[in-house]
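Report on the following structure.
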Amino acid sequence: MSDKITLTLGAFVNLTGDAMLIVDPHTRTIPYASPKAIDLIGSVLGEEGVLVSRVFQTQDDRFDRFIRDALTVTEPIISSVSLEHSGRVLGVKGRRLAIPDHPPQILLLLEAEPELSRRFRLLAEKIEELKAQVARRITAERELSETVLSLHRAVSVIKQLSELEISSGEYLDIAIIVIDRALNSRGTVLISVELGRLRVTAATGAFSRTFADHPYLDLSQAGFAQTAKERNGLWRELLFSSLARSGGDYGDFANGMVFPLFISGELRGAFFCKLDSDDFNNASVHLEGEIISEALAGLMARAETEARLMHAQKLQAIGELTGGIAHDFNNILAIVLGNAELLLYELNSIDLDVARDIREAAIRGAILTSRLLSFARKQPLQPEPTDINNLLRQFDPLIGRTLRKDINFELIPAEDLWKVQIDRSQLENAVLNLALNSRDAMPRGGKLTIETSNSQLDHEYAQHHSEVIPGQYVMIAVSDSGHGMDPGVLQEAFTPFFTTKEVGKGSGLGLSMVFGFVKQSLGHVKINSEIGLGTTVRMYFPRDSSEMVGQDTDAVSGNDAMSRARESILVVEDDPGVLKYLTMSLERLGYRVRGLTTGDEAAELMALQTFQLLLTDVVLPGQINGAELGKIAHQIAPTMPVLLMSGYAEESIVHHGRLDGRVNFISKPFTREQLAKRLKGLLEG
Amino acid sequence: MTEALPTPLRTPVIEKDTFMRSVLRELVGILEQTVGEREAEAYINSVGLSLGRFLNKDYRASFSSEKLDARQVAATLVDLKARIDGGFSIESFDDEKIILVNTACPFGDKVLGRQSLCRMTANVFGHIVAENLGYARVRIDEAIARGDQRCRVTVIISEPDEPGGAGESEFFASTQ
């Protein structure tokens, strides 16, 4: 602006004494300020070409809008401005100022805000504040209404889901139709885990046919869960990409809510729902989706629990059936074995290959039934306080002989391992079975490791494994580097007679025996297996709280036991074949034998006649069974030892699968040498 | 207090429109008395400009046009006033100017003695014309508010060389 104009303007302004400014709207500078304006605002106005932003608050659009409007009128408009350095509010009038040979400028007249303007301003601010409050309340109430509506719908869905018949096999199809309708969805997809991979289990609407031919996604459950754990949020992208590759289009998943499905604490799938854009941007619908997905996961968890229960019931039923068969089978084997031994005894100068074959077959049959009984948890256990490290060290050479040379075997015992109450021979059988399975899983060689450790199974672990009681356990892990098992095989691993081995190579009872034995020992067994990497079977046995460690038992040698005896023995056995064999065997050993077939007869005879030992079957016809007969015998002749025998442990002599400490028991079938050893021990001890 | 309330013997004349005009008249009266007529005009200039901005946007949308031509502008000024109970009509219309006359003020008899309200008309007309045709100089030759029989408003649309005189308000198109 020329000095001439400035001087002219200055003369006018000095006359009025007004606080006046000229603003150049193009450069946003203040080329002129009157002395009164400098007094009012400060020395910053004394600087040449000072920017308006250094003088007035221009952060919001109000000042600029005023300047723009003022530039369009020659009659003044009025407003207020705030000073930048102090925030003080001033009244301002502004209008366009035409200056010859210059672009139009803006003339501003500042004055301390008049009371009326101040009140108008405060009133306007109050009105704005109230309007904002009303808007916020309306928004909040609308959101609340929507939330209530969403919750109503969610409750309705939960009710419908809870009434679904989950044994129908189609419950998930029905469930997502229910959810689809509730959420007014354009399409839903339910992804769950099958054989370790993610799979589209059910779909509706826009996706009802999309995955029909390619339901499996190229995502493993392990990878999916790991991504979700390590990189929050990335799993969604991972899932959408995989769905797109399996038949969908990535764009199909826009405006979609996706929720993880946690079942028993594990990420086991996801639920996707495509919405209209209005619903997609609605927080209430997201809340509804979250609640519904929780309910869906609960439904799936319930279905899994019921399936596990049914599986357990199936195993239980097989176990009971197996136990019954084994009992009868043992009696038959006892006859075969006994008679074969008699043949050997009577005719040992002749070629007795046939009789030996009978004996061997009977022994193999006995091992088979022993395993069946273990699975059925009917094998009587004789637990003793045991240092498992010592037991495994003694057992080490036998395992070594069982394995091939291309298998590297290592025993890693933990230091300060706790003691357990365990049936030692059954534990040896279990470890041997696992070692044999490992050997067969490594046809090209590999490594077998047996490791022990103290272990604490906590409440969280127990929550996921219903049979586990939280506490201290000793863990024995048998690991191999073999071919591993797929999830389908793993699921059936404990089922009796289930085997992946060639016909004749395996009975399918090895892991069943381990399962039954561990359960009967109040323990827990867990298998982890990865295809191509190997398998680890972990057995957990409760820590023994007592300090006593059992001594090696039974030092009576077979030869001593087989020496001639003279004592009289009362034998009670309802199976005539078994009774005949026992009578003959005992007589061959030199005993005087009286055989009876019922407990009632035996009780009567004991009242009349003295015997040095009572040998009785547990299951007997009539009023008195073997256990009761033993008690009667104890009353009649307190010093007379009683030896019970049975095909499996009866409730009358065991408590929770373990023999009462005062009961002497021998499992059928037994060899003559085993029987002789027990009798001699009892008669001499 | 539950018995029927009494009703007036005749229907009162008050109705919403009359009520609002009365409110406006009283507010402007207080404003003129408190800050003076010139100062009050500055307030009404600001309100008129804001209303002009809103109405211009509305009429542009109604004509489906980004910028109105001279005939559309003239039609807008007449239509606008008719809609708010004004009685404006075109007295003359050429390339230089539009002259409008009015026999009924939108503020009715409430405008009498409230000349600052004429700034509302000047600013609405001036803003709409300038935003669409680039320039407007508004002069109110006669005004019912002043006690004339009618209003007569001259809107010069061609920018003259000499600046506006007394009683004339100039309007320019905004840069944005």
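Lettering and numbering for the structure tokens are positional, with chains as A, B, ... in the shown order, residues counted from 1 in each chain, and ligands counted from 1 in the shown order.
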Leaving out Ile407 of chain A and any residue of its chain fewer than 2 positions from it, which residues lie within 7 Å of it when counting only C-alpha atoms, given as a compact mmCIF listing (two decimals) with C-alpha atoms, in the first residue's frame?
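Listed below is the output, selection.txt:
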# COMPACT_ATOMS: atom_id res chain seq x y z
CA LEU A 403 14.73 -102.55 19.63
CA ARG A 404 16.65 -102.90 16.39
CA LYS A 405 20.22 -101.68 16.03
CA PHE A 409 17.68 -95.51 22.67
CA GLY A 445 15.53 -96.33 12.31
CA GLY A 446 15.42 -93.29 14.54
CA LYS A 447 15.55 -92.34 18.15
CA LEU A 448 13.55 -93.59 21.12
- Message: Give me the residues near Leu238 of chain A as a VMD selection string, where near means some atom within 9 Å (using only C-alpha atoms) and where sequence neighbours in that chain fewer than 5 positions away do not count.
- Response: chain A and resid 219 224 227 243
Go ahead and write the residues just picked, C-alpha atoms, as a PDB file, in the first residue's frame.
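The file below, out.pdb, is the result:
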ATOM      1  CA  LEU A 219      -4.700 -73.409   6.729  1.00  0.00           C
ATOM      2  CA  PHE A 224      -3.983 -70.431  12.416  1.00  0.00           C
ATOM      3  CA  THR A 227      -0.844 -66.553  14.054  1.00  0.00           C
ATOM      4  CA  LEU A 243     -11.336 -68.364   1.884  1.00  0.00           C
TER       5      LEU A 243
END
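A straight line drawn from atom CA of Arg137 of chain B to atom CA of Glu168 of chain B is 6.4 Å long.
Using only C-alpha atoms, the chain A residues found within 9 Å of chain B amount to Arg68, Asp69, Leu71, Thr72, Val73, Thr74, Glu75, Pro76, Ile77, Ile78, Ser79, Lys93, Ala98, Pro114 and Leu116 of chain A.
Residue neighbourhood of segment 428-436 of chain A, excluding near-sequence residues (fewer than 2 positions): Ser425, Gln426, Ser438, Arg439, Gly510 and Val514 of chain A, at 6 Å, using only C-alpha atoms.
With atom CA of Thr29 of chain A on one side and atom CA of Asp161 of chain B on the other, the separation reads 27.9 Å.
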- Item | Between atom CA of Leu679 of chain A and atom CA of Ala603 of chain A - distance in Å to one decimal | 20.6 Å
- What residues in chain B get the DSSP label helix (DSSP H, G or I)? Please answer as a PyMOL selection string. chain B and resi 16-35+37-62+70-83+108-111+115-133+144-146
Generate the output file for the selected residues, C-alpha atoms, as a PDB file, in the first residue's frame.
ATOM      1  CA  LYS B  16     -47.593 -18.558  14.856  1.00  0.00           C
ATOM      2  CA  ASP B  17     -46.630 -16.252  11.963  1.00  0.00           C
ATOM      3  CA  THR B  18     -47.872 -13.125  13.708  1.00  0.00           C
ATOM      4  CA  PHE B  19     -46.137 -14.214  16.865  1.00  0.00           C
ATOM      5  CA  MET B  20     -42.766 -14.724  15.114  1.00  0.00           C
ATOM      6  CA  ARG B  21     -42.956 -11.382  13.314  1.00  0.00           C
ATOM      7  CA  SER B  22     -43.742  -9.651  16.579  1.00  0.00           C
ATOM      8  CA  VAL B  23     -40.756 -11.302  18.225  1.00  0.00           C
ATOM      9  CA  LEU B  24     -38.510 -10.141  15.368  1.00  0.00           C
ATOM     10  CA  ARG B  25     -39.890  -6.614  15.463  1.00  0.00           C
ATOM     11  CA  GLU B  26     -39.313  -6.335  19.211  1.00  0.00           C
ATOM     12  CA  LEU B  27     -35.801  -7.795  18.992  1.00  0.00           C
ATOM     13  CA  VAL B  28     -34.759  -5.366  16.222  1.00  0.00           C
ATOM     14  CA  GLY B  29     -36.353  -2.507  18.142  1.00  0.00           C
ATOM     15  CA  ILE B  30     -34.334  -3.319  21.251  1.00  0.00           C
ATOM     16  CA  LEU B  31     -31.204  -3.709  19.089  1.00  0.00           C
ATOM     17  CA  GLU B  32     -31.684  -0.307  17.413  1.00  0.00           C
ATOM     18  CA  GLN B  33     -32.356   1.411  20.746  1.00  0.00           C
ATOM     19  CA  THR B  34     -29.393  -0.273  22.432  1.00  0.00           C
ATOM     20  CA  VAL B  35     -26.602  -0.040  19.876  1.00  0.00           C
ATOM     21  CA  GLU B  37     -29.477   2.049  13.976  1.00  0.00           C
ATOM     22  CA  ARG B  38     -26.138   1.909  12.150  1.00  0.00           C
ATOM     23  CA  GLU B  39     -24.768  -0.698  14.506  1.00  0.00           C
ATOM     24  CA  ALA B  40     -27.973  -2.708  14.274  1.00  0.00           C
ATOM     25  CA  GLU B  41     -27.675  -2.625  10.499  1.00  0.00           C
ATOM     26  CA  ALA B  42     -24.216  -4.207  10.796  1.00  0.00           C
ATOM     27  CA  TYR B  43     -25.778  -7.122  12.721  1.00  0.00           C
ATOM     28  CA  ILE B  44     -28.550  -7.481  10.171  1.00  0.00           C
ATOM     29  CA  ASN B  45     -26.013  -7.248   7.312  1.00  0.00           C
ATOM     30  CA  SER B  46     -24.307 -10.293   8.793  1.00  0.00           C
ATOM     31  CA  VAL B  47     -27.577 -12.209   9.146  1.00  0.00           C
ATOM     32  CA  GLY B  48     -28.701 -11.195   5.632  1.00  0.00           C
ATOM     33  CA  LEU B  49     -25.425 -12.361   4.164  1.00  0.00           C
ATOM     34  CA  SER B  50     -25.735 -15.759   5.868  1.00  0.00           C
ATOM     35  CA  LEU B  51     -29.336 -16.146   4.685  1.00  0.00           C
ATOM     36  CA  GLY B  52     -28.339 -15.036   1.179  1.00  0.00           C
ATOM     37  CA  ARG B  53     -25.653 -17.760   1.120  1.00  0.00           C
ATOM     38  CA  PHE B  54     -28.169 -20.426   2.126  1.00  0.00           C
ATOM     39  CA  LEU B  55     -30.869 -19.253  -0.314  1.00  0.00           C
ATOM     40  CA  ASN B  56     -28.410 -18.975  -3.225  1.00  0.00           C
ATOM     41  CA  LYS B  57     -27.338 -22.579  -2.675  1.00  0.00           C
ATOM     42  CA  ASP B  58     -30.968 -23.690  -2.531  1.00  0.00           C
ATOM     43  CA  TYR B  59     -31.983 -21.876  -5.755  1.00  0.00           C
ATOM     44  CA  ARG B  60     -28.905 -23.073  -7.643  1.00  0.00           C
ATOM     45  CA  ALA B  61     -29.889 -26.615  -6.713  1.00  0.00           C
ATOM     46  CA  SER B  62     -33.509 -25.932  -7.709  1.00  0.00           C
ATOM     47  CA  ALA B  70     -29.511 -12.928 -15.146  1.00  0.00           C
ATOM     48  CA  ARG B  71     -33.055 -14.132 -15.903  1.00  0.00           C
ATOM     49  CA  GLN B  72     -32.798 -16.930 -13.365  1.00  0.00           C
ATOM     50  CA  VAL B  73     -31.517 -14.396 -10.829  1.00  0.00           C
ATOM     51  CA  ALA B  74     -34.475 -12.068 -11.464  1.00  0.00           C
ATOM     52  CA  ALA B  75     -36.886 -14.986 -11.186  1.00  0.00           C
ATOM     53  CA  THR B  76     -35.184 -16.045  -7.940  1.00  0.00           C
ATOM     54  CA  LEU B  77     -35.595 -12.631  -6.320  1.00  0.00           C
ATOM     55  CA  VAL B  78     -39.316 -12.500  -7.144  1.00  0.00           C
ATOM     56  CA  ASP B  79     -40.001 -16.120  -6.251  1.00  0.00           C
ATOM     57  CA  LEU B  80     -38.085 -15.870  -3.014  1.00  0.00           C
ATOM     58  CA  LYS B  81     -40.079 -12.918  -1.785  1.00  0.00           C
ATOM     59  CA  ALA B  82     -43.364 -14.476  -2.865  1.00  0.00           C
ATOM     60  CA  ARG B  83     -42.546 -17.528  -0.819  1.00  0.00           C
ATOM     61  CA  GLY B 108     -45.887  -7.133   7.251  1.00  0.00           C
ATOM     62  CA  ASP B 109     -46.828  -4.119   9.330  1.00  0.00           C
ATOM     63  CA  LYS B 110     -44.167  -5.157  11.843  1.00  0.00           C
ATOM     64  CA  VAL B 111     -41.530  -3.516   9.629  1.00  0.00           C
ATOM     65  CA  GLN B 115     -35.582   0.431   8.733  1.00  0.00           C
ATOM     66  CA  SER B 116     -32.634  -1.722   9.675  1.00  0.00           C
ATOM     67  CA  LEU B 117     -34.716  -4.730   8.536  1.00  0.00           C
ATOM     68  CA  CYS B 118     -34.388  -3.365   4.981  1.00  0.00           C
ATOM     69  CA  ARG B 119     -30.722  -4.418   5.249  1.00  0.00           C
ATOM     70  CA  MET B 120     -32.008  -8.004   5.164  1.00  0.00           C
ATOM     71  CA  THR B 121     -33.494  -7.472   1.695  1.00  0.00           C
ATOM     72  CA  ALA B 122     -30.439  -5.524   0.458  1.00  0.00           C
ATOM     73  CA  ASN B 123     -28.002  -8.217   1.612  1.00  0.00           C
ATOM     74  CA  VAL B 124     -30.039 -11.212   0.389  1.00  0.00           C
ATOM     75  CA  PHE B 125     -30.591  -9.592  -3.039  1.00  0.00           C
ATOM     76  CA  GLY B 126     -27.022  -8.250  -3.230  1.00  0.00           C
ATOM     77  CA  HIS B 127     -25.393 -11.537  -2.278  1.00  0.00           C
ATOM     78  CA  ILE B 128     -27.457 -13.675  -4.673  1.00  0.00           C
ATOM     79  CA  VAL B 129     -26.899 -11.287  -7.599  1.00  0.00           C
ATOM     80  CA  ALA B 130     -23.169 -10.833  -6.961  1.00  0.00           C
ATOM     81  CA  GLU B 131     -22.472 -14.553  -6.456  1.00  0.00           C
ATOM     82  CA  ASN B 132     -24.092 -15.368  -9.805  1.00  0.00           C
ATOM     83  CA  LEU B 133     -23.471 -12.304 -11.973  1.00  0.00           C
ATOM     84  CA  ILE B 144     -42.514   0.626   3.507  1.00  0.00           C
ATOM     85  CA  ALA B 145     -40.403   0.602   6.691  1.00  0.00           C
ATOM     86  CA  ARG B 146     -39.753   4.305   6.174  1.00  0.00           C
TER      87      ARG B 146
END
